[in-house]
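Visitor: Dropping in data_7.pdb, which is PDB, C-alpha atoms, pLDDT in the B column:
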```
ATOM      1  CA  GLN A   1       0.000   0.000   0.000  1.00 75.00           C
ATOM      2  CA  VAL A   2       1.345   3.395  -0.965  1.00 75.00           C
ATOM      3  CA  TYR A   3       2.064   5.722   1.950  1.00 90.00           C
ATOM      4  CA  LEU A   4       2.006   9.462   1.203  1.00 95.00           C
ATOM      5  CA  VAL A   5       2.696  12.173   3.743  1.00 95.00           C
ATOM      6  CA  GLU A   6       1.774  15.806   3.215  1.00 96.00           C
ATOM      7  CA  SER A   7       3.159  18.727   5.181  1.00 97.00           C
ATOM      8  CA  GLY A   8       3.420  22.500   5.019  1.00 98.00           C
ATOM      9  CA  GLY A   9      -0.174  23.540   5.557  1.00 97.00           C
ATOM     10  CA  GLY A  10      -1.173  26.248   7.984  1.00 97.00           C
ATOM     11  CA  LEU A  11      -2.845  29.585   8.503  1.00 98.00           C
ATOM     12  CA  VAL A  12      -1.807  32.493   6.290  1.00 98.00           C
ATOM     13  CA  GLN A  13      -3.183  35.919   5.483  1.00 98.00           C
ATOM     14  CA  ASP A  14      -4.727  36.900   2.182  1.00 98.00           C
ATOM     15  CA  GLY A  15      -1.873  37.401  -0.298  1.00 98.00           C
ATOM     16  CA  GLY A  16       0.531  35.200   1.609  1.00 98.00           C
ATOM     17  CA  SER A  17       2.460  32.115   0.529  1.00 98.00           C
ATOM     18  CA  LEU A  18       2.828  28.506   1.591  1.00 98.00           C
ATOM     19  CA  ARG A  19       4.776  25.549   0.265  1.00 98.00           C
ATOM     20  CA  LEU A  20       3.285  22.087   0.548  1.00 98.00           C
ATOM     21  CA  THR A  21       5.416  18.956   0.419  1.00 98.00           C
ATOM     22  CA  CYS A  22       4.371  15.373  -0.230  1.00 98.00           C
ATOM     23  CA  THR A  23       6.738  12.502   0.353  1.00 97.00           C
ATOM     24  CA  ALA A  24       6.476   8.794  -0.488  1.00 94.00           C
ATOM     25  CA  PRO A  25       8.948   7.250   1.942  1.00 92.00           C
ATOM     26  CA  ARG A  26       7.918   3.635   1.419  1.00 93.00           C
ATOM     27  CA  THR A  27       7.687   3.740  -2.351  1.00 92.00           C
ATOM     28  CA  ILE A  28      10.452   2.367  -4.522  1.00 91.00           C
ATOM     29  CA  THR A  29      12.088   5.226  -6.396  1.00 91.00           C
ATOM     30  CA  SER A  30      11.452   3.727  -9.814  1.00 90.00           C
ATOM     31  CA  VAL A  31       7.753   3.353  -9.022  1.00 90.00           C
ATOM     32  CA  PHE A  32       7.521   6.957  -7.803  1.00 93.00           C
ATOM     33  CA  ASN A  33       9.322   8.190 -10.898  1.00 92.00           C
ATOM     34  CA  ALA A  34       6.898   6.400 -13.192  1.00 92.00           C
ATOM     35  CA  ASN A  35       3.725   7.896 -11.737  1.00 94.00           C
ATOM     36  CA  VAL A  36       1.775  11.042 -12.362  1.00 97.00           C
ATOM     37  CA  MET A  37       1.618  12.979  -9.105  1.00 97.00           C
ATOM     38  CA  GLY A  38      -0.974  15.529  -8.159  1.00 97.00           C
ATOM     39  CA  TRP A  39      -2.384  17.920  -5.620  1.00 98.00           C
ATOM     40  CA  TYR A  40      -6.111  18.055  -4.966  1.00 98.00           C
ATOM     41  CA  ARG A  41      -8.130  20.046  -2.485  1.00 98.00           C
ATOM     42  CA  GLN A  42     -11.461  19.805  -0.756  1.00 98.00           C
ATOM     43  CA  ALA A  43     -13.140  22.773   0.832  1.00 98.00           C
ATOM     44  CA  ALA A  44     -15.805  22.318   3.484  1.00 97.00           C
ATOM     45  CA  GLY A  45     -19.069  21.220   1.911  1.00 97.00           C
ATOM     46  CA  LYS A  46     -17.584  20.881  -1.567  1.00 97.00           C
ATOM     47  CA  GLU A  47     -16.330  18.145  -3.847  1.00 98.00           C
ATOM     48  CA  ARG A  48     -12.640  17.326  -3.997  1.00 97.00           C
ATOM     49  CA  GLU A  49     -11.077  19.060  -6.991  1.00 98.00           C
ATOM     50  CA  LEU A  50      -7.869  18.840  -8.960  1.00 98.00           C
ATOM     51  CA  VAL A  51      -5.384  21.617  -8.279  1.00 98.00           C
ATOM     52  CA  ALA A  52      -2.316  20.565 -10.271  1.00 98.00           C
ATOM     53  CA  THR A  53      -0.563  17.531 -11.685  1.00 98.00           C
ATOM     54  CA  VAL A  54       2.966  16.748 -12.810  1.00 97.00           C
ATOM     55  CA  THR A  55       3.850  13.841 -15.047  1.00 96.00           C
ATOM     56  CA  ALA A  56       6.882  11.600 -14.785  1.00 91.00           C
ATOM     57  CA  ARG A  57       8.622  13.805 -17.334  1.00 91.00           C
ATOM     58  CA  GLY A  58       7.697  17.016 -15.575  1.00 93.00           C
ATOM     59  CA  SER A  59       4.790  18.255 -17.650  1.00 97.00           C
ATOM     60  CA  THR A  60       2.370  20.215 -15.524  1.00 98.00           C
ATOM     61  CA  ASN A  61      -1.317  20.995 -15.536  1.00 98.00           C
ATOM     62  CA  TYR A  62      -3.306  23.424 -13.367  1.00 98.00           C
ATOM     63  CA  VAL A  63      -6.893  24.263 -12.634  1.00 98.00           C
ATOM     64  CA  ASP A  64      -7.653  27.709 -14.027  1.00 98.00           C
ATOM     65  CA  SER A  65      -8.227  29.284 -10.624  1.00 97.00           C
ATOM     66  CA  VAL A  66      -4.599  28.758  -9.535  1.00 98.00           C
ATOM     67  CA  LYS A  67      -2.747  29.405 -12.780  1.00 98.00           C
ATOM     68  CA  GLY A  68      -0.044  32.009 -12.309  1.00 98.00           C
ATOM     69  CA  ARG A  69      -0.168  31.646  -8.518  1.00 98.00           C
ATOM     70  CA  PHE A  70       0.661  27.978  -7.796  1.00 98.00           C
ATOM     71  CA  THR A  71       3.595  25.911  -9.042  1.00 98.00           C
ATOM     72  CA  ILE A  72       3.845  22.138  -8.805  1.00 98.00           C
ATOM     73  CA  SER A  73       7.225  20.434  -9.006  1.00 97.00           C
ATOM     74  CA  ARG A  74       8.784  17.085  -8.255  1.00 96.00           C
ATOM     75  CA  ASP A  75      12.109  15.786  -6.964  1.00 95.00           C
ATOM     76  CA  ASN A  76      12.305  12.185  -8.123  1.00 94.00           C
ATOM     77  CA  ALA A  77      15.531  11.416  -6.283  1.00 93.00           C
ATOM     78  CA  ARG A  78      13.896  12.390  -2.982  1.00 95.00           C
ATOM     79  CA  LYS A  79      10.492  10.979  -3.910  1.00 96.00           C
ATOM     80  CA  ARG A  80       8.787  14.282  -3.247  1.00 97.00           C
ATOM     81  CA  ILE A  81       6.460  16.700  -4.885  1.00 97.00           C
ATOM     82  CA  TYR A  82       5.868  20.294  -3.924  1.00 98.00           C
ATOM     83  CA  LEU A  83       3.161  22.874  -4.345  1.00 98.00           C
ATOM     84  CA  GLN A  84       4.351  26.449  -4.076  1.00 98.00           C
ATOM     85  CA  MET A  85       1.321  28.625  -3.427  1.00 98.00           C
ATOM     86  CA  ASN A  86       1.677  32.389  -3.807  1.00 98.00           C
ATOM     87  CA  ASN A  87      -0.852  35.194  -3.578  1.00 98.00           C
ATOM     88  CA  LEU A  88      -3.186  32.960  -1.595  1.00 98.00           C
ATOM     89  CA  LYS A  89      -6.842  33.912  -1.383  1.00 98.00           C
ATOM     90  CA  PRO A  90      -9.557  32.991   1.123  1.00 98.00           C
ATOM     91  CA  GLU A  91     -11.159  30.776  -1.534  1.00 97.00           C
ATOM     92  CA  ASP A  92      -8.007  28.627  -1.512  1.00 98.00           C
ATOM     93  CA  THR A  93      -8.920  27.473   1.995  1.00 98.00           C
ATOM     94  CA  ALA A  94      -9.250  23.685   1.925  1.00 98.00           C
ATOM     95  CA  VAL A  95      -7.663  20.404   2.887  1.00 98.00           C
ATOM     96  CA  TYR A  96      -4.964  19.685   0.315  1.00 98.00           C
ATOM     97  CA  TYR A  97      -4.282  16.083  -0.665  1.00 98.00           C
ATOM     98  CA  CYS A  98      -1.397  14.480  -2.499  1.00 97.00           C
ATOM     99  CA  LYS A  99      -2.192  11.729  -5.008  1.00 97.00           C
ATOM    100  CA  MET A 100      -0.003   9.157  -6.723  1.00 96.00           C
ATOM    101  CA  GLY A 101      -1.217   7.459  -9.846  1.00 93.00           C
ATOM    102  CA  GLU A 102      -4.890   6.533  -9.941  1.00 90.00           C
ATOM    103  CA  ASN A 103      -5.777   5.538  -6.409  1.00 90.00           C
ATOM    104  CA  SER A 104      -3.193   6.438  -3.767  1.00 94.00           C
ATOM    105  CA  TRP A 105      -3.902   9.384  -1.473  1.00 96.00           C
ATOM    106  CA  GLY A 106      -2.256  11.064   1.452  1.00 96.00           C
ATOM    107  CA  GLN A 107      -4.057  12.050   4.618  1.00 96.00           C
ATOM    108  CA  GLY A 108      -4.279  15.742   3.722  1.00 97.00           C
ATOM    109  CA  THR A 109      -2.994  19.001   5.155  1.00 97.00           C
ATOM    110  CA  GLN A 110      -5.166  21.980   6.065  1.00 98.00           C
ATOM    111  CA  VAL A 111      -4.593  25.338   4.386  1.00 98.00           C
ATOM    112  CA  THR A 112      -6.503  28.288   5.787  1.00 98.00           C
ATOM    113  CA  VAL A 113      -6.332  31.757   4.247  1.00 98.00           C
ATOM    114  CA  SER A 114      -7.735  34.576   6.324  1.00 97.00           C
ATOM    115  CA  GLY A 115      -9.318  37.506   4.555  1.00 85.00           C
TER     116      GLY A 115
END
```
Show how you would write the structure in this file as structure tokens.
Guide:
Amino acid sequence: QVYLVESGGGLVQDGGSLRLTCTAPRTITSVFNANVMGWYRQAAGKERELVATVTARGSTNYVDSVKGRFTISRDNARKRIYLQMNNLKPEDTAVYYCKMGENSWGQGTQVTVSG
């Protein structure tokens, strides 16, 4: 079973920045490297939504609402992905989840942006 650990969430003011990290400490490096990795988020009372993905080769994709503000990246040697979040807005408040491949999820990290 894949084990993903997110960190870096917290409380920040409108316009602030946070950097989320997801690690896969129990995953073989070659398996990590072969998978699409992604960040999703779920706000209270809403469906979980895609935020950003990064392929094995580093191609990225973002939901329109975060384009130009968020950057996803990966460090295959360290089996990590990151989500740099700048110019945060109150509507970015949610639990942020890391995902590997089709079905493996982390436990989530809370991001709260105060207006």
Visitor: Applying 12 Å and only C-alpha atoms, which residues near stretch 23-29 of chain A remain after dropping the ones on its own chain fewer than 4 positions away? List them as a short mmCIF file (atom, residue, chain, number, x, y, z; two decimals) with C-alpha atoms, in the frame of the given file.
Guide:
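And here is the file that came out, out.cif:
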```cif
data_model
loop_
_atom_site.label_atom_id
_atom_site.label_comp_id
_atom_site.auth_asym_id
_atom_site.auth_seq_id
_atom_site.Cartn_x
_atom_site.Cartn_y
_atom_site.Cartn_z
CA GLN A 1 0.00 0.00 0.00
CA VAL A 2 1.34 3.40 -0.96
CA TYR A 3 2.06 5.72 1.95
CA LEU A 4 2.01 9.46 1.20
CA VAL A 5 2.70 12.17 3.74
CA GLU A 6 1.77 15.81 3.22
CA SER A 7 3.16 18.73 5.18
CA GLY A 8 3.42 22.50 5.02
CA ASN A 33 9.32 8.19 -10.90
CA ALA A 34 6.90 6.40 -13.19
CA ASN A 35 3.72 7.90 -11.74
CA MET A 37 1.62 12.98 -9.10
CA GLY A 38 -0.97 15.53 -8.16
CA ALA A 56 6.88 11.60 -14.78
CA ARG A 74 8.78 17.08 -8.26
CA ASP A 75 12.11 15.79 -6.96
CA ASN A 76 12.30 12.18 -8.12
CA ALA A 77 15.53 11.42 -6.28
CA ARG A 78 13.90 12.39 -2.98
CA LYS A 79 10.49 10.98 -3.91
CA ARG A 80 8.79 14.28 -3.25
CA ILE A 81 6.46 16.70 -4.88
CA TYR A 82 5.87 20.29 -3.92
CA LEU A 83 3.16 22.87 -4.34
CA TYR A 97 -4.28 16.08 -0.66
CA CYS A 98 -1.40 14.48 -2.50
CA LYS A 99 -2.19 11.73 -5.01
CA MET A 100 0.00 9.16 -6.72
CA SER A 104 -3.19 6.44 -3.77
CA TRP A 105 -3.90 9.38 -1.47
CA GLY A 106 -2.26 11.06 1.45
CA GLN A 107 -4.06 12.05 4.62
CA GLY A 108 -4.28 15.74 3.72
#
```
Visitor: One decimal, Å: what's the distance from atom CA of A:Ile72 over to atom CA of A:Trp39, could you say?
Guide: 8.2 Å
Visitor: Taking only C-alpha atoms into account, which of A:Gly15, A:Val31, A:Glu102, A:Pro90 comes nearest A:Thr53?
Guide: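 Of the candidates, the smallest distance to A:Thr53 is held by A:Glu102.
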Visitor: Please indicate the distance in Å from atom CA of A:Met85 to atom CA of A:Ser30, rounded to one decimal place.
Guide: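 Atom-to-atom, atom CA of A:Met85 to atom CA of A:Ser30, that is 27.6 Å.
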Visitor: With all atoms listed in the file as the atoms that count, which of A:Leu11, A:Ala52, A:Val63, A:Ala43 lies nearest to A:Asp92?
Guide: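 Checking each candidate against A:Asp92, we get A:Ala43 as the closest.
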